[in-house]
Amino acid sequence: MFLLLAGFIAIIWGVEVANTLVDHRFSEFGIVPRTTEGLRGILLWPFLHAGFGHVISNTLPMAVLGGVIAIQGGRTLLKVSVIVALVSGVGVWAVARNGIHVGASGLVFGYFGYLVARGWYQRSFSSIVVAILVVFFYGGLIFGIVPSFGFVSWEGHLFGLLAGILAAKIIDEKKPSDGEQAAED
């Protein structure tokens with residue numbers, strides 16, 4: 001389960017090394033909103049970064065938050081990652097400012113949104129405790145969805161957060177038991 005996350009982070013670092021060697025020319029494969037060529041970025045943007053500082057800023061929260069999700073199993077981590085990457089990528093492509101949007105911070109915000117929303121949808125003691133701890137330690141992330149510096153894709157952060165909440169609804173929404181279903185009928 002953790003091997004999947006470690007492999008993903010290793011790929012991100014490998015891509016950044018290669019991208020640095022070619023003067024960041026691979027970054028053109030990020031999301032370019034509302035353009036045909038920008039559609040390929042929906043699949044590629046989490047792997048591309050604007051430099052080593054950008055990769056470093058995403059690595060620790062991705063490892064921690066992704067690691068908490070990985071405890072549920074590699075399949076859950078993969079589902080959450082795919083939902084977040086695709087949904088947030090489509091959101092960025094559809095409505096973000098012009099420019100090239102790259103980085104795994106959409107995934108970081110998606111993992112945050114997933115873990116917090118999971119507490120709401122699952123309503124188990126452990127999921128609520130995890131949600132509280134995630135907000136306590138990473139709640140400051142929420143300021144990343146506010147428009148700020150021109151070079152920061154706050155849209156990627158916002159759509160990542162929303163995609164994580166959607167992933168929790170899809171994956172973890174508590175289903176009523178047969179007894180609860182019968183009582184409502």
# chains A, B, ... in the order shown; residues from 1 in each chain; ligands from 1

call {"tool": "residues_around", "arguments": {"residues": "region 154-161 of chain A", "least_positions_apart": "6", "cutoff": "8 Å", "atoms": "only C-alpha atoms", "output": "PyMOL selection string"}}
result
chain A and resi 84-85+87-89+91-92+96+101+105-114+144-148

call {"tool": "residues_around", "arguments": {"residues": "Ala10 (chain A)", "least_positions_apart": "3", "cutoff": "12 Å", "atoms": "only C-alpha atoms", "output": "number ranges by chain"}}
result
A: 3-7, 13-17, 47, 55-56, 59, 62-63

call {"tool": "write_last_selection", "arguments": {"atoms": "N, CA and C atoms", "output": "PDB file, in the first residue's frame"}}
result
ATOM      1  N   LEU A   3       3.949   1.315  -0.917  1.00  0.00           N
ATOM      2  CA  LEU A   3       4.829   1.229  -2.080  1.00  0.00           C
ATOM      3  C   LEU A   3       4.257   2.020  -3.253  1.00  0.00           C
ATOM      4  N   LEU A   4       2.952   1.984  -3.421  1.00  0.00           N
ATOM      5  CA  LEU A   4       2.290   2.747  -4.473  1.00  0.00           C
ATOM      6  C   LEU A   4       2.564   4.243  -4.299  1.00  0.00           C
ATOM      7  N   LEU A   5       2.387   4.738  -3.088  1.00  0.00           N
ATOM      8  CA  LEU A   5       2.620   6.151  -2.805  1.00  0.00           C
ATOM      9  C   LEU A   5       4.095   6.506  -2.994  1.00  0.00           C
ATOM     10  N   ALA A   6       4.984   5.667  -2.483  1.00  0.00           N
ATOM     11  CA  ALA A   6       6.418   5.921  -2.631  1.00  0.00           C
ATOM     12  C   ALA A   6       6.815   5.917  -4.106  1.00  0.00           C
ATOM     13  N   GLY A   7       6.243   5.016  -4.881  1.00  0.00           N
ATOM     14  CA  GLY A   7       6.522   4.962  -6.314  1.00  0.00           C
ATOM     15  C   GLY A   7       6.048   6.206  -7.026  1.00  0.00           C
ATOM     16  N   TRP A  13       9.658  12.986  -8.582  1.00  0.00           N
ATOM     17  CA  TRP A  13      11.040  13.454  -8.451  1.00  0.00           C
ATOM     18  C   TRP A  13      11.844  13.149  -9.711  1.00  0.00           C
ATOM     19  N   GLY A  14      11.656  11.968 -10.279  1.00  0.00           N
ATOM     20  CA  GLY A  14      12.363  11.613 -11.513  1.00  0.00           C
ATOM     21  C   GLY A  14      11.991  12.520 -12.667  1.00  0.00           C
ATOM     22  N   VAL A  15      10.712  12.834 -12.780  1.00  0.00           N
ATOM     23  CA  VAL A  15      10.256  13.740 -13.837  1.00  0.00           C
ATOM     24  C   VAL A  15      10.855  15.130 -13.631  1.00  0.00           C
ATOM     25  N   GLU A  16      10.937  15.583 -12.370  1.00  0.00           N
ATOM     26  CA  GLU A  16      11.519  16.902 -12.118  1.00  0.00           C
ATOM     27  C   GLU A  16      12.999  16.935 -12.467  1.00  0.00           C
ATOM     28  N   VAL A  17      13.721  15.869 -12.171  1.00  0.00           N
ATOM     29  CA  VAL A  17      15.137  15.810 -12.557  1.00  0.00           C
ATOM     30  C   VAL A  17      15.248  15.911 -14.079  1.00  0.00           C
ATOM     31  N   PHE A  47       2.480  15.297 -12.281  1.00  0.00           N
ATOM     32  CA  PHE A  47       3.860  14.834 -12.384  1.00  0.00           C
ATOM     33  C   PHE A  47       4.835  15.969 -12.688  1.00  0.00           C
ATOM     34  N   VAL A  55       8.493  20.841  -5.909  1.00  0.00           N
ATOM     35  CA  VAL A  55       8.394  19.405  -5.598  1.00  0.00           C
ATOM     36  C   VAL A  55       8.535  19.185  -4.096  1.00  0.00           C
ATOM     37  N   ILE A  56       9.498  19.862  -3.490  1.00  0.00           N
ATOM     38  CA  ILE A  56       9.717  19.710  -2.046  1.00  0.00           C
ATOM     39  C   ILE A  56       8.473  20.126  -1.266  1.00  0.00           C
ATOM     40  N   THR A  59       5.962  17.264  -1.523  1.00  0.00           N
ATOM     41  CA  THR A  59       6.338  15.898  -1.141  1.00  0.00           C
ATOM     42  C   THR A  59       5.904  15.521   0.275  1.00  0.00           C
ATOM     43  N   MET A  62       2.102  15.310   0.718  1.00  0.00           N
ATOM     44  CA  MET A  62       1.603  14.200  -0.077  1.00  0.00           C
ATOM     45  C   MET A  62       1.927  12.873   0.601  1.00  0.00           C
ATOM     46  N   ALA A  63       3.142  12.760   1.145  1.00  0.00           N
ATOM     47  CA  ALA A  63       3.542  11.527   1.821  1.00  0.00           C
ATOM     48  C   ALA A  63       2.710  11.289   3.081  1.00  0.00           C
TER      49      ALA A  63
END

call {"tool": "residues_around", "arguments": {"residues": "Leu43 (chain A)", "least_positions_apart": "6", "cutoff": "10 Å", "atoms": "only C-alpha atoms", "output": "PyMOL selection string"}}
result
chain A and resi 29-31+82+85-86+89-90

call {"tool": "select_by_dssp", "arguments": {"residues": "chain A", "states": "alpha helix (DSSP H)", "output": "ChimeraX atom specification"}}
result
/A:2-21,41-44,52-70,74-95,105-122,125-138,154-172,178-184

call {"tool": "residues_around", "arguments": {"residues": "Ala70 (chain A)", "least_positions_apart": "6", "cutoff": "7 Å", "atoms": "only C-alpha atoms", "output": "ChimeraX atom specification"}}
result
/A:1-2,76-77

call {"tool": "write_last_selection", "arguments": {"atoms": "C-alpha atoms", "output": "short mmCIF file (atom, residue, chain, number, x, y, z; two decimals), in the first residue's frame"}}
result
data_model
loop_
_atom_site.label_atom_id
_atom_site.label_comp_id
_atom_site.auth_asym_id
_atom_site.auth_seq_id
_atom_site.Cartn_x
_atom_site.Cartn_y
_atom_site.Cartn_z
CA MET A 1 0.00 0.00 0.00
CA PHE A 2 2.78 2.47 0.86
CA THR A 76 -8.38 3.23 -1.94
CA LEU A 77 -5.28 5.38 -2.46
#

call {"tool": "residues_around", "arguments": {"residues": "region 116-128 of chain A", "least_positions_apart": "4", "cutoff": "7 Å", "atoms": "only C-alpha atoms", "output": "ChimeraX atom specification"}}
result
/A:112,132,134,165,168-169,172-174

call {"tool": "write_last_selection", "arguments": {"atoms": "C-alpha atoms", "output": "mmCIF file, in the first residue's frame"}}
result
data_model
loop_
_atom_site.group_PDB
_atom_site.id
_atom_site.type_symbol
_atom_site.label_atom_id
_atom_site.label_comp_id
_atom_site.auth_asym_id
_atom_site.auth_seq_id
_atom_site.Cartn_x
_atom_site.Cartn_y
_atom_site.Cartn_z
ATOM 1 C CA PHE A 112 -6.872 16.774 2.594
ATOM 2 C CA ILE A 132 -9.891 16.295 13.310
ATOM 3 C CA VAL A 134 -5.866 16.386 9.593
ATOM 4 C CA ILE A 165 -14.666 15.799 -1.077
ATOM 5 C CA ALA A 168 -15.083 10.732 -0.128
ATOM 6 C CA LYS A 169 -18.735 10.889 -1.135
ATOM 7 C CA ASP A 172 -16.975 6.370 1.782
ATOM 8 C CA GLU A 173 -20.534 7.624 2.053
ATOM 9 C CA LYS A 174 -22.191 5.579 4.779
#

call {"tool": "atom_distance", "arguments": {"atom1": "CA of Ala94 (chain A)", "atom2": "CA of Ala18 (chain A)"}}
result
28.6 Å

call {"tool": "closest_residue", "arguments": {"among": "A:Pro61, A:Gly103, A:Gly53, A:Gly73", "to": "Gly139 (chain A)", "atoms": "only C-alpha atoms"}}
result
A:Pro61

call {"tool": "residues_around", "arguments": {"residues": "region 19-28 of chain A", "least_positions_apart": "3", "cutoff": "8 Å", "atoms": "only C-alpha atoms", "output": "PyMOL selection string"}}
result
chain A and resi 15-16+48-51+100+102

call {"tool": "atom_distance", "arguments": {"atom1": "CA of Val130 (chain A)", "atom2": "CA of Val68 (chain A)"}}
result
8.5 Å

call {"tool": "closest_residue", "arguments": {"among": "A:Leu39, A:Ala104, A:Val95, A:Ile170", "to": "Leu60 (chain A)", "atoms": "only C-alpha atoms"}}
result
A:Ala104
